[in-house]
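Beneath this line is the structure, given in structure tokens, with notes to follow.
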Amino acid sequence: MKRRPKPPLRPAGGFDRLGWLAGARRVRSPNADARPAGVAVTLVVVHGISLPPGRFGGDAIARLFTNRLDPAAHPSFRAIADLRVSAHFLIRRDGAMVQFVAAGDRAWHAGTSQWRGRERCNDYSIGIELEGTDERPYTARQYARLAQVVRRLAARWPIADVAGHSDVAPGRKTDPGPSFDRARLARLLGRAAAARVAVAGDKGGPGPAPPSGL
Ligand SMILES: [Zn+2]
């Protein structure tokens, strides 16, 4: 593989000029393009994924996002191997981050979608995949990492909302599923960030301050 040029400039909020996050493993996906001119990044879409479904670890997700998934490797891969999809980030069960698309670019994660009456969420969103299933609880390390990356994104882009894929594509998508604890994410984001970033479906609302130590 050809070496890419070093990321320019110092990370601001952990991101370089193009939107690559320091500390995340970089696996560049070809399934991305430029965002429409003049469109601000205001939304984070949280997804859940595991390949094969319910199995964690391995490289199948990275293979899917880089068009290298072997359709013969698992019966469930046949139907998805030809998809051209990506997300900006994957947060693994242990909290490790993989980045596939620069945050400044458009990843292909939401599909046909709508948020607050606006269509084509990919244009103005960041897609973050949590390795998991709709039913099994996501890990503490995943919540901590997700809160951290949302805070960093919000320091750089005018992020207003965090929504689930199921919120922007209701009836079509169920991820990140009932196992995704929205109130927990809102708590972890903290009052300062939560004042600006709303977590869709968080029944706790802005609420009282979290107890110290959280
Ligand atoms: Zn999804």
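Going by the structure tokens order, chains are called A, B, ..., each with residues numbered from 1, while ligands are numbered from 1 in the order shown.
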
>> ligand 1: which residues are within 6 Å, counting only C-alpha atoms and all ligand atoms? Reply as a list in words.
In response: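 These are the residues that qualify: His47, Gly48, His165 and Asp175 of chain A.
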
>> Please list as a ChimeraX atom specification every residue within 10 Å of stretch 31-35 of chain A, counting only C-alpha atoms and excluding residues in the same chain fewer than 2 positions away.
In response: /A:28-29,37-41,65-67,83-88,100-109,122-125

The selected residues should be written to file as a tab-separated table (two decimals), in the first residue's frame (atoms: C-alpha atoms).
```
chain	number	residue	atom	x	y	z
A	28	ARG	CA	-9.38	4.11	5.10
A	29	SER	CA	-12.66	3.25	3.38
A	37	ALA	CA	-20.71	22.47	0.00
A	38	GLY	CA	-21.80	24.66	2.87
A	39	VAL	CA	-23.45	21.90	4.87
A	40	ALA	CA	-22.56	21.94	8.57
A	41	VAL	CA	-22.03	18.73	10.54
A	65	PHE	CA	-16.26	-1.10	5.03
A	66	THR	CA	-13.32	-1.59	2.67
A	67	ASN	CA	-15.13	-3.84	0.17
A	83	LEU	CA	-22.82	-3.28	-0.22
A	84	ARG	CA	-20.83	-0.11	-0.51
A	85	VAL	CA	-21.06	1.24	3.01
A	86	SER	CA	-18.92	2.79	5.69
A	87	ALA	CA	-19.03	4.70	8.93
A	88	HIS	CA	-16.63	7.27	10.28
A	100	PHE	CA	-12.62	4.62	8.30
A	101	VAL	CA	-13.55	8.05	6.96
A	102	ALA	CA	-12.30	11.53	7.86
A	103	ALA	CA	-14.98	13.35	9.82
A	104	GLY	CA	-14.88	16.19	7.30
A	105	ASP	CA	-15.96	13.77	4.56
A	106	ARG	CA	-19.27	12.02	4.03
A	107	ALA	CA	-19.44	8.38	5.10
A	108	TRP	CA	-22.17	6.10	3.75
A	109	HIS	CA	-23.85	4.85	6.91
A	122	ASN	CA	-25.14	11.27	5.61
A	123	ASP	CA	-24.71	14.81	4.29
A	124	TYR	CA	-24.59	16.38	7.73
A	125	SER	CA	-23.81	13.60	10.17
```

Return as a PDB file with C-alpha atoms, in the first residue's frame the full set of residues in stretch 31-207 of chain A whose backbone-based DSSP assignment is helix (DSSP H, G or I).
```pdb
ATOM      1  CA  ALA A  60     -15.236  -8.618   9.147  1.00  0.00           C
ATOM      2  CA  ILE A  61     -16.527  -5.096   9.884  1.00  0.00           C
ATOM      3  CA  ALA A  62     -13.344  -3.513   8.563  1.00  0.00           C
ATOM      4  CA  ARG A  63     -13.550  -5.807   5.549  1.00  0.00           C
ATOM      5  CA  LEU A  64     -17.152  -4.788   4.873  1.00  0.00           C
ATOM      6  CA  PHE A  65     -16.262  -1.099   5.033  1.00  0.00           C
ATOM      7  CA  PRO A  75     -23.647 -17.483   5.221  1.00  0.00           C
ATOM      8  CA  SER A  76     -24.719 -14.048   6.460  1.00  0.00           C
ATOM      9  CA  PHE A  77     -22.009 -12.319   4.404  1.00  0.00           C
ATOM     10  CA  CYS A 121     -28.494  12.356   7.074  1.00  0.00           C
ATOM     11  CA  ASN A 122     -25.138  11.273   5.613  1.00  0.00           C
ATOM     12  CA  ASP A 123     -24.713  14.810   4.288  1.00  0.00           C
ATOM     13  CA  TYR A 124     -24.594  16.381   7.732  1.00  0.00           C
ATOM     14  CA  ALA A 140     -18.796   0.574  29.838  1.00  0.00           C
ATOM     15  CA  ARG A 141     -15.698   1.174  27.745  1.00  0.00           C
ATOM     16  CA  GLN A 142     -17.848   1.738  24.677  1.00  0.00           C
ATOM     17  CA  TYR A 143     -19.986   4.326  26.465  1.00  0.00           C
ATOM     18  CA  ALA A 144     -16.919   6.098  27.804  1.00  0.00           C
ATOM     19  CA  ARG A 145     -15.305   6.170  24.358  1.00  0.00           C
ATOM     20  CA  LEU A 146     -18.515   7.262  22.651  1.00  0.00           C
ATOM     21  CA  ALA A 147     -18.973  10.137  25.103  1.00  0.00           C
ATOM     22  CA  GLN A 148     -15.355  11.149  24.598  1.00  0.00           C
ATOM     23  CA  VAL A 149     -15.562  11.193  20.823  1.00  0.00           C
ATOM     24  CA  VAL A 150     -18.907  13.054  20.834  1.00  0.00           C
ATOM     25  CA  ARG A 151     -17.392  15.711  23.085  1.00  0.00           C
ATOM     26  CA  ARG A 152     -14.419  16.013  20.773  1.00  0.00           C
ATOM     27  CA  LEU A 153     -16.649  16.197  17.714  1.00  0.00           C
ATOM     28  CA  ALA A 154     -18.759  18.877  19.390  1.00  0.00           C
ATOM     29  CA  ALA A 155     -15.626  20.893  20.111  1.00  0.00           C
ATOM     30  CA  ARG A 156     -14.878  21.005  16.410  1.00  0.00           C
ATOM     31  CA  HIS A 165     -29.903   4.799  13.278  1.00  0.00           C
ATOM     32  CA  SER A 166     -33.407   3.653  14.275  1.00  0.00           C
ATOM     33  CA  ASP A 167     -34.334   7.303  14.949  1.00  0.00           C
ATOM     34  CA  VAL A 168     -33.322   8.491  11.481  1.00  0.00           C
ATOM     35  CA  ARG A 182     -29.418   6.797  25.876  1.00  0.00           C
ATOM     36  CA  ALA A 183     -29.686   8.187  29.406  1.00  0.00           C
ATOM     37  CA  ARG A 184     -26.295   6.715  30.199  1.00  0.00           C
ATOM     38  CA  LEU A 185     -24.721   8.451  27.239  1.00  0.00           C
ATOM     39  CA  ALA A 186     -26.419  11.731  28.160  1.00  0.00           C
ATOM     40  CA  ARG A 187     -25.074  11.401  31.710  1.00  0.00           C
ATOM     41  CA  LEU A 188     -21.585  10.696  30.472  1.00  0.00           C
ATOM     42  CA  LEU A 189     -21.691  13.648  28.125  1.00  0.00           C
ATOM     43  CA  GLY A 190     -22.129  15.763  31.214  1.00  0.00           C
ATOM     44  CA  ARG A 191     -24.031  18.936  31.772  1.00  0.00           C
ATOM     45  CA  ALA A 192     -21.740  21.190  29.768  1.00  0.00           C
ATOM     46  CA  ALA A 193     -21.918  19.102  26.619  1.00  0.00           C
ATOM     47  CA  ALA A 194     -25.524  18.007  27.173  1.00  0.00           C
TER      48      ALA A 194
END
```

>> So that I can check the secondary structure, give me every residue of stretch 4-89 of chain A assigned strand (DSSP E) by backbone DSSP, as number ranges by chain.
In response: A: 25-26, 32-34, 43-49, 89

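Going from atom CA of A:Gly164 over to atom CA of A:Phe180, you cover 8.7 Å.
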
> If you count only C-alpha atoms, which residues fall within 8 Å of A:Ile49, apart from same-chain ones fewer than 5 positions away, as a ChimeraX atom specification?
Replying inline: /A:61,129-133,175-176

Once you have the residues from the selection above, write them out as a JSON list (two decimals), in the first residue's frame, restricted to C-alpha atoms.
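And here is the file that came out, again.json:
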```json
[["chain", "number", "residue", "atom", "x", "y", "z"],
["A", 61, "ILE", "CA", -16.53, -5.10, 9.88],
["A", 129, "GLU", "CA", -20.72, 2.08, 14.94],
["A", 130, "LEU", "CA", -20.74, 0.36, 18.30],
["A", 131, "GLU", "CA", -19.72, -3.27, 18.04],
["A", 132, "GLY", "CA", -22.70, -5.09, 19.48],
["A", 133, "THR", "CA", -26.26, -6.23, 18.98],
["A", 175, "ASP", "CA", -29.84, -0.46, 15.57],
["A", 176, "PRO", "CA", -28.34, 0.40, 18.00]]
```

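Here atom CA of A:Arg68 stands at a distance of 7.7 Å from atom CA of A:Ala81.
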
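One finds atom CA of A:Thr139 at 6.2 Å from atom CA of A:Arg93.
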
>> My list of candidates is A:Leu18, A:Leu43, A:Leu51, A:Leu69. Which is closest to A:Arg196 when distances are computed with only C-alpha atoms?
In response: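 Going through A:Leu18, A:Leu43, A:Leu51, A:Leu69 one by one, the smallest distance to A:Arg196 is for A:Leu43.
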